[in-house]
file final11.cif (mmCIF, C-alpha atoms)
data_protein
#
loop_
_atom_site.label_atom_id
_atom_site.label_comp_id
_atom_site.auth_asym_id
_atom_site.auth_seq_id
_atom_site.Cartn_x
_atom_site.Cartn_y
_atom_site.Cartn_z
CA MET F 149 0.48 -108.46 -73.11
CA ARG F 150 1.29 -107.01 -69.70
CA GLU F 151 2.51 -103.66 -71.08
CA LYS F 152 -0.63 -103.27 -73.21
CA ASN F 153 -2.90 -103.92 -70.22
CA ILE F 154 -1.10 -101.42 -67.99
CA LEU F 155 -1.00 -98.83 -70.74
CA HIS F 156 -4.77 -99.27 -71.11
CA ILE F 157 -5.18 -98.61 -67.38
CA LEU F 158 -3.06 -95.46 -67.60
CA GLN F 159 -4.88 -94.21 -70.68
CA ASN F 160 -8.24 -94.59 -68.94
CA SER F 161 -7.13 -93.02 -65.68
CA ARG F 162 -8.37 -89.57 -64.72
CA HIS F 163 -5.50 -88.95 -62.29
CA THR F 164 -2.39 -91.13 -62.03
CA VAL F 165 0.16 -90.52 -59.30
CA VAL F 166 3.63 -92.07 -59.22
CA LEU F 167 5.52 -92.73 -55.99
CA SER F 168 9.20 -92.66 -56.96
CA GLY F 169 11.43 -94.70 -54.65
CA ALA F 170 15.08 -95.41 -54.02
CA GLY F 171 15.18 -98.31 -56.47
CA LEU F 172 14.64 -96.04 -59.46
CA MET F 173 17.45 -93.81 -58.22
CA ALA F 174 19.81 -96.77 -57.81
CA GLU F 175 19.06 -97.82 -61.40
CA SER F 176 20.45 -94.45 -62.51
CA GLY F 177 23.75 -95.37 -60.85
CA TYR F 178 23.24 -93.37 -57.67
CA PRO F 179 24.76 -94.98 -54.58
CA LEU F 180 22.35 -95.74 -51.76
CA LEU F 181 24.23 -94.17 -48.89
CA ARG F 182 22.41 -95.99 -46.12
CA ASP F 183 23.09 -99.45 -47.53
CA GLY F 184 25.90 -101.59 -48.80
CA ALA F 185 29.51 -100.69 -49.42
CA GLU F 186 28.86 -96.96 -49.60
CA SER F 187 27.72 -96.81 -45.98
CA TYR F 188 30.92 -98.51 -44.80
CA ASP F 189 33.05 -96.20 -46.92
CA ILE F 190 31.37 -93.14 -45.38
CA GLU F 191 31.94 -94.34 -41.82
CA GLU F 192 35.55 -95.17 -42.59
CA LYS F 193 36.23 -91.77 -44.20
CA TYR F 194 34.26 -89.48 -41.91
CA GLY F 195 33.96 -91.47 -38.70
CA TYR F 196 30.17 -91.26 -38.72
CA SER F 197 27.29 -92.83 -40.61
CA PHE F 198 25.28 -91.03 -43.28
CA GLU F 199 22.33 -90.70 -40.87
CA GLU F 200 24.55 -89.20 -38.18
CA ILE F 201 26.27 -86.64 -40.40
CA PHE F 202 23.25 -85.56 -42.41
CA SER F 203 21.20 -84.75 -39.31
CA SER F 204 19.94 -81.55 -37.73
CA GLY F 205 22.06 -82.13 -34.64
CA PHE F 206 25.26 -82.64 -36.63
CA TYR F 207 24.57 -79.54 -38.74
CA ALA F 208 24.13 -77.49 -35.58
CA ALA F 209 27.23 -78.81 -33.81
CA ARG F 210 29.77 -79.66 -36.54
CA LYS F 211 29.16 -77.53 -39.61
CA GLU F 212 32.67 -77.90 -41.05
CA LEU F 213 32.44 -81.69 -41.28
CA PHE F 214 28.78 -81.51 -42.29
CA PHE F 215 29.59 -79.37 -45.33
CA ARG F 216 32.70 -81.34 -46.20
CA PHE F 217 30.52 -84.46 -46.43
CA TYR F 218 27.75 -82.55 -48.21
CA LYS F 219 30.09 -81.29 -50.94
CA GLU F 220 32.25 -84.39 -51.32
CA ILE F 221 29.44 -86.95 -51.32
CA LEU F 222 25.96 -85.57 -51.95
CA LEU F 223 26.77 -82.71 -54.30
CA LYS F 224 29.37 -84.79 -56.12
CA ASN F 225 26.83 -87.57 -56.68
CA ALA F 226 24.33 -84.99 -57.91
CA GLU F 227 26.54 -84.36 -60.94
CA MET F 228 25.30 -87.69 -62.31
CA PRO F 229 22.43 -87.22 -64.81
CA PRO F 230 18.98 -88.82 -64.52
CA GLY F 231 18.88 -92.30 -66.01
CA GLU F 232 16.56 -93.71 -68.65
CA GLY F 233 13.83 -94.44 -66.12
CA TYR F 234 13.39 -90.78 -65.26
CA LEU F 235 13.51 -89.76 -68.91
CA ALA F 236 10.81 -92.31 -69.73
CA LEU F 237 8.77 -91.05 -66.78
CA LYS F 238 8.99 -87.52 -68.17
CA GLU F 239 7.91 -88.65 -71.65
CA LEU F 240 4.96 -90.61 -70.27
CA GLN F 241 3.92 -87.50 -68.39
CA ASP F 242 4.23 -85.44 -71.58
CA LYS F 243 1.80 -87.89 -73.18
CA GLY F 244 -0.72 -87.17 -70.43
CA LEU F 245 -0.44 -90.55 -68.70
CA ILE F 246 0.95 -89.30 -65.38
CA SER F 247 -0.37 -86.39 -63.36
CA THR F 248 1.94 -86.09 -60.35
CA VAL F 249 5.21 -87.58 -59.08
CA ILE F 250 5.91 -87.82 -55.35
CA THR F 251 9.28 -88.75 -53.86
CA ARG F 252 11.31 -88.62 -50.66
CA ARG F 253 14.62 -88.66 -52.57
CA ILE F 254 16.59 -85.41 -52.37
CA ALA F 255 18.69 -85.68 -55.57
CA GLY F 256 16.08 -83.87 -57.68
CA LEU F 257 16.25 -86.47 -60.44
CA GLU F 258 12.60 -86.16 -61.43
CA ASP F 259 12.87 -82.38 -61.77
CA ARG F 260 16.14 -82.57 -63.68
CA ALA F 261 14.62 -85.08 -66.10
CA GLY F 262 11.96 -82.49 -66.89
CA CYS F 263 9.02 -83.94 -64.98
CA ARG F 264 6.29 -81.53 -63.89
CA ASN F 265 4.11 -81.49 -60.79
CA VAL F 266 6.84 -83.11 -58.70
CA ILE F 267 6.36 -83.08 -54.94
CA ASN F 268 9.74 -83.48 -53.24
CA LEU F 269 8.59 -84.35 -49.74
CA LYS F 270 12.03 -83.82 -48.22
CA GLY F 271 13.17 -81.04 -50.57
CA THR F 272 16.21 -81.26 -52.84
CA ILE F 273 19.88 -80.44 -52.49
CA PHE F 274 19.57 -78.04 -55.41
CA HIS F 275 18.10 -75.45 -53.06
CA ASN F 276 20.10 -74.08 -50.15
CA ILE F 277 18.83 -71.35 -47.87
CA CYS F 278 19.93 -68.93 -45.20
CA PRO F 279 18.03 -69.94 -42.06
CA SER F 280 18.22 -66.35 -40.83
CA CYS F 281 17.01 -64.20 -43.73
CA GLY F 282 15.57 -66.91 -45.99
CA ARG F 283 17.68 -66.03 -49.04
CA ASP F 284 17.90 -68.88 -51.53
CA TYR F 285 21.25 -69.99 -52.99
CA PRO F 286 21.96 -72.29 -55.95
CA VAL F 287 23.99 -75.44 -55.49
CA GLU F 288 26.93 -73.89 -57.38
CA TYR F 289 27.36 -71.29 -54.63
CA VAL F 290 27.73 -74.01 -52.01
CA LYS F 291 30.14 -76.02 -54.16
CA GLU F 292 32.43 -73.05 -54.70
CA ALA F 293 32.43 -71.83 -51.09
CA LYS F 294 35.51 -72.57 -48.99
CA GLY F 295 34.51 -74.44 -45.88
CA VAL F 296 31.08 -73.50 -44.54
CA PRO F 297 29.09 -71.44 -47.09
CA LEU F 298 27.83 -68.18 -45.62
CA CYS F 299 24.95 -65.92 -46.60
CA GLU F 300 26.19 -62.85 -48.44
CA THR F 301 23.51 -60.76 -46.76
CA CYS F 302 23.81 -61.68 -43.08
CA MET F 303 26.88 -63.99 -42.93
CA THR F 304 24.83 -66.83 -41.44
CA ALA F 305 25.80 -70.40 -42.32
CA LEU F 306 23.60 -71.74 -45.11
CA ARG F 307 21.87 -75.09 -44.96
CA PRO F 308 20.39 -77.47 -47.53
CA ASP F 309 16.69 -76.80 -48.00
CA VAL F 310 15.90 -80.42 -47.19
CA CYS F 311 14.49 -82.39 -44.31
CA LEU F 312 17.55 -83.56 -42.39
CA PHE F 313 17.48 -86.66 -40.22
CA GLY F 314 15.81 -85.71 -36.96
CA GLU F 315 13.45 -83.21 -38.61
CA MET F 316 9.79 -83.49 -39.60
CA ILE F 317 8.72 -83.26 -43.23
CA ASP F 318 7.14 -79.92 -44.05
CA ASN F 319 3.42 -80.10 -43.31
CA GLY F 320 2.52 -78.15 -46.43
CA ARG F 321 4.28 -80.65 -48.69
CA MET F 322 2.64 -83.56 -46.89
CA THR F 323 -0.80 -82.00 -47.28
CA GLU F 324 -0.24 -81.35 -50.98
CA ALA F 325 0.95 -84.93 -51.55
CA ALA F 326 -1.96 -86.39 -49.58
CA ARG F 327 -4.45 -84.45 -51.70
CA GLU F 328 -2.86 -85.72 -54.91
CA VAL F 329 -3.03 -89.34 -53.74
CA GLU F 330 -6.63 -88.88 -52.62
CA LYS F 331 -7.54 -87.76 -56.16
CA ALA F 332 -5.75 -90.67 -57.83
CA ASP F 333 -7.61 -93.56 -59.38
CA VAL F 334 -4.28 -95.15 -60.33
CA LEU F 335 -1.23 -95.21 -58.07
CA VAL F 336 2.10 -96.51 -59.42
CA VAL F 337 4.88 -97.37 -56.95
CA LEU F 338 8.34 -97.49 -58.55
CA GLY F 339 11.40 -98.93 -56.82
CA ALA F 340 9.99 -99.24 -53.31
CA SER F 341 8.13 -101.79 -51.26
CA LEU F 342 4.68 -100.97 -49.91
CA ALA F 343 6.25 -101.04 -46.43
CA SER F 344 8.73 -98.27 -47.28
CA PRO F 345 8.47 -94.88 -45.54
CA LEU F 346 7.22 -93.29 -48.77
CA CYS F 347 4.36 -95.76 -49.15
CA GLY F 348 3.72 -95.80 -45.42
CA GLN F 349 3.04 -92.08 -45.57
CA MET F 350 0.99 -92.05 -48.77
CA LEU F 351 -1.03 -95.28 -49.09
CA GLN F 352 -3.40 -94.31 -46.28
CA TYR F 353 -4.84 -91.64 -48.57
CA TYR F 354 -5.34 -93.85 -51.62
CA THR F 355 -8.87 -95.05 -52.36
CA GLY F 356 -8.47 -96.01 -56.04
CA SER F 357 -8.72 -99.50 -57.52
CA ASN F 358 -5.44 -99.84 -59.41
CA LEU F 359 -2.36 -99.94 -57.20
CA ILE F 360 0.57 -100.96 -59.43
CA LEU F 361 3.78 -102.05 -57.72
CA VAL F 362 7.08 -102.30 -59.62
CA ASN F 363 10.05 -103.42 -57.55
CA ASP F 364 13.06 -105.67 -57.99
CA THR F 365 12.61 -107.58 -54.72
CA GLU F 366 9.67 -109.34 -53.13
CA HIS F 367 8.20 -108.22 -49.80
CA TYR F 368 5.37 -109.53 -47.63
CA SER F 369 3.50 -106.25 -48.11
CA ASP F 370 3.25 -106.82 -51.89
CA GLN F 371 -0.13 -108.54 -51.55
CA ARG F 372 -1.74 -105.15 -50.99
CA ALA F 373 -1.06 -104.23 -54.63
CA ASP F 374 -3.54 -104.94 -57.42
CA ILE F 375 -0.79 -105.50 -59.98
CA ILE F 376 2.72 -106.66 -59.03
CA ILE F 377 5.72 -106.55 -61.37
CA TYR F 378 9.09 -107.78 -60.15
CA GLY F 379 11.94 -106.19 -62.05
CA ARG F 380 13.64 -102.91 -62.79
CA SER F 381 11.47 -99.82 -62.73
CA ASP F 382 13.37 -98.16 -65.57
CA ARG F 383 12.75 -101.13 -67.86
CA PHE F 384 9.09 -101.16 -66.90
CA LEU F 385 8.75 -97.46 -67.81
CA SER F 386 10.65 -97.96 -71.06
CA ASP F 387 8.44 -100.91 -72.00
CA ILE F 388 5.25 -98.92 -71.35
CA LEU F 389 6.64 -96.04 -73.38
CA ALA F 390 7.56 -98.39 -76.25
CA GLU F 391 4.03 -99.82 -76.24
CA CYS F 392 2.61 -96.30 -76.30
CA ARG F 393 4.76 -95.38 -79.30
CA LYS F 394 3.75 -98.60 -81.05
CA GLN F 395 0.07 -97.73 -80.65
CA ASN F 396 0.68 -94.31 -82.11
CA GLN F 397 2.29 -95.89 -85.18
CA ASP F 398 -0.51 -98.38 -85.80
#
call {"tool": "encode", "arguments": {"input": "final11.cif", "output": "structure tokens"}}
result
Amino acid sequence: MREKNILHILQNSRHTVVLSGAGLMAESGYPLLRDGAESYDIEEKYGYSFEEIFSSGFYAARKELFFRFYKEILLKNAEMPPGEGYLALKELQDKGLISTVITRRIAGLEDRAGCRNVINLKGTIFHNICPSCGRDYPVEYVKEAKGVPLCETCMTALRPDVCLFGEMIDNGRMTEAAREVEKADVLVVLGASLASPLCGQMLQYYTGSNLILVNDTEHYSDQRADIIIYGRSDRFLSDILAECRKQNQD
């Protein structure tokens, strides 16, 4: 059985790293704001695309509209809970089968599901900072603020502690992620093609022999994987977890 074989690989791995992509997030019901109907709705409502509004230049020049979009779209979406895929990921990690999770998504779904050793390359919207004094503010503070949220200490406009479009990913986070991938003998890609930005950044550091790709669509880059599974990532994780539980009962 496929699940039994993959579970065997995970159980014999010294260090397994998961790259968590946009597909797993979409399976939890989160809209992908750069694609499909959501992107058209954003442009129609705000007059700009997601990439334009959620950029460093837009934050600097048009904070009122930036934070209106941030509260109405991103923070509103963040009220949705992690789906079954993230919960299965957390349980597999609890069983010692996954060491580290790396993602570029900013919704914090892995953390909220209870996963440990999560490297959020672009940060998460659950942390907001004052760019002047560095004070950290919870997401509730931003939600409740009227208009642009200001720092209580120095009255500077806050900003999401994330990598906005037009900014470079923090070098410290990249270094940490690269080291984790270098240590991995198994690398599992969930909900992303091997040509995605996430994989493009991380695969160069992988020297292991078991690259497992789980994605719902085919891509020419798939041939680089050692094991390819076409389908939903959440179902894949649930199937592996079910096989693990079955072994424990036998």
call {"tool": "resolve_selection", "arguments": {"input": "final11.cif", "expression": "the PyMOL selection byres ((chain F and resi 272-280) around 12)", "output": "number ranges by chain"}}
result
F: 202, 208, 215, 218-219, 221-227, 251-260, 266-271, 281-291, 297-312
call {"tool": "resolve_selection", "arguments": {"input": "final11.cif", "expression": "the PyMOL selection byres ((chain F and resi 349) around 12)", "output": "list in words"}}
result
Leu167, Ile250, Thr251, Arg252, Leu269, Ile317, Arg321, Met322, Thr323, Ala325, Ala326, Val329, Leu342, Ala343, Ser344, Pro345, Leu346, Cys347, Gly348, Met350, Leu351, Gln352, Tyr353 and Tyr354 of chain F
call {"tool": "closest_residue", "arguments": {"input": "final11.cif", "among": "F:Ser369, F:Gln397, F:Ser176, F:Asn265", "to": "Asp242 of chain F", "atoms": "all atoms listed in the file"}}
result
F:Asn265
call {"tool": "atom_distance", "arguments": {"input": "final11.cif", "atom1": "atom CA of Asp189 of chain F", "atom2": "atom CA of Leu172 of chain F"}}
result
22.3 Å
call {"tool": "resolve_selection", "arguments": {"input": "final11.cif", "expression": "the PyMOL selection byres ((chain F and resi 247) around 6)", "output": "MDAnalysis selection string"}}
result
chainID F and resid 163:165 246 248
call {"tool": "residues_around", "arguments": {"input": "final11.cif", "residues": "Leu158 of chain F", "least_positions_apart": "5", "cutoff": "10 Å", "atoms": "all atoms listed in the file", "output": "number ranges by chain"}}
result
F: 152-153, 163-164, 240, 244-246, 333-336, 358, 388
call {"tool": "atom_distance", "arguments": {"input": "final11.cif", "atom1": "atom CA of Glu151 of chain F", "atom2": "atom CA of Asp387 of chain F"}}
result
6.6 Å
call {"tool": "closest_residue", "arguments": {"input": "final11.cif", "among": "F:Gln241, F:Ser168, F:Ser204, F:Thr355", "to": "Ser381 of chain F", "atoms": "only C-alpha atoms"}}
result
F:Ser168
call {"tool": "atom_distance", "arguments": {"input": "final11.cif", "atom1": "atom CA of Ile377 of chain F", "atom2": "atom CA of Arg150 of chain F"}}
result
9.4 Å
call {"tool": "closest_residue", "arguments": {"input": "final11.cif", "among": "F:Gly171, F:Leu389, F:Glu232, F:Lys238", "to": "Asp183 of chain F", "atoms": "all atoms listed in the file"}}
result
F:Gly171
call {"tool": "closest_residue", "arguments": {"input": "final11.cif", "among": "F:Glu328, F:Gln371, F:Phe206, F:Ser357", "to": "Ser341 of chain F", "atoms": "only C-alpha atoms"}}
result
F:Gln371
call {"tool": "axis_aligned_box", "arguments": {"input": "final11.cif", "around": "segment 183-193 of chain F", "padding_each_side": "4 Å", "output": "AutoDock Vina command-line options"}}
result
--center_x 29.7 --center_y -96.7 --center_z -45.7 --size_x 21.1 --size_y 17.8 --size_z 15.8
call {"tool": "build_atoms", "arguments": {"input": "final11.cif", "residues": "segment 253-265 of chain F", "atoms": "N, CA and C atoms", "output": "PDB file, in the frame of the given file"}}
result
ATOM      1  N   ARG F 253      13.208 -88.778 -52.182  1.00  0.00           N
ATOM      2  CA  ARG F 253      14.620 -88.660 -52.570  1.00  0.00           C
ATOM      3  C   ARG F 253      14.973 -87.187 -52.709  1.00  0.00           C
ATOM      4  N   ILE F 254      16.205 -86.821 -52.382  1.00  0.00           N
ATOM      5  CA  ILE F 254      16.590 -85.410 -52.370  1.00  0.00           C
ATOM      6  C   ILE F 254      17.539 -85.032 -53.512  1.00  0.00           C
ATOM      7  N   ALA F 255      17.766 -85.951 -54.465  1.00  0.00           N
ATOM      8  CA  ALA F 255      18.690 -85.680 -55.570  1.00  0.00           C
ATOM      9  C   ALA F 255      18.052 -84.901 -56.710  1.00  0.00           C
ATOM     10  N   GLY F 256      16.741 -84.668 -56.659  1.00  0.00           N
ATOM     11  CA  GLY F 256      16.080 -83.870 -57.680  1.00  0.00           C
ATOM     12  C   GLY F 256      16.072 -84.489 -59.062  1.00  0.00           C
ATOM     13  N   LEU F 257      16.132 -85.808 -59.145  1.00  0.00           N
ATOM     14  CA  LEU F 257      16.250 -86.470 -60.440  1.00  0.00           C
ATOM     15  C   LEU F 257      15.000 -86.297 -61.298  1.00  0.00           C
ATOM     16  N   GLU F 258      13.840 -86.331 -60.674  1.00  0.00           N
ATOM     17  CA  GLU F 258      12.600 -86.160 -61.430  1.00  0.00           C
ATOM     18  C   GLU F 258      12.543 -84.761 -62.059  1.00  0.00           C
ATOM     19  N   ASP F 259      12.873 -83.746 -61.262  1.00  0.00           N
ATOM     20  CA  ASP F 259      12.870 -82.380 -61.770  1.00  0.00           C
ATOM     21  C   ASP F 259      13.900 -82.201 -62.884  1.00  0.00           C
ATOM     22  N   ARG F 260      15.079 -82.749 -62.691  1.00  0.00           N
ATOM     23  CA  ARG F 260      16.140 -82.570 -63.680  1.00  0.00           C
ATOM     24  C   ARG F 260      15.857 -83.328 -64.968  1.00  0.00           C
ATOM     25  N   ALA F 261      15.027 -84.374 -64.885  1.00  0.00           N
ATOM     26  CA  ALA F 261      14.620 -85.080 -66.100  1.00  0.00           C
ATOM     27  C   ALA F 261      13.551 -84.315 -66.864  1.00  0.00           C
ATOM     28  N   GLY F 262      12.979 -83.295 -66.225  1.00  0.00           N
ATOM     29  CA  GLY F 262      11.960 -82.490 -66.890  1.00  0.00           C
ATOM     30  C   GLY F 262      10.540 -82.797 -66.474  1.00  0.00           C
ATOM     31  N   CYS F 263      10.367 -83.645 -65.456  1.00  0.00           N
ATOM     32  CA  CYS F 263       9.020 -83.940 -64.980  1.00  0.00           C
ATOM     33  C   CYS F 263       8.387 -82.687 -64.382  1.00  0.00           C
ATOM     34  N   ARG F 264       7.062 -82.623 -64.475  1.00  0.00           N
ATOM     35  CA  ARG F 264       6.290 -81.530 -63.890  1.00  0.00           C
ATOM     36  C   ARG F 264       5.489 -82.052 -62.710  1.00  0.00           C
ATOM     37  N   ASN F 265       4.954 -81.121 -61.935  1.00  0.00           N
ATOM     38  CA  ASN F 265       4.110 -81.490 -60.790  1.00  0.00           C
ATOM     39  C   ASN F 265       4.812 -82.522 -59.896  1.00  0.00           C
TER      40      ASN F 265
END
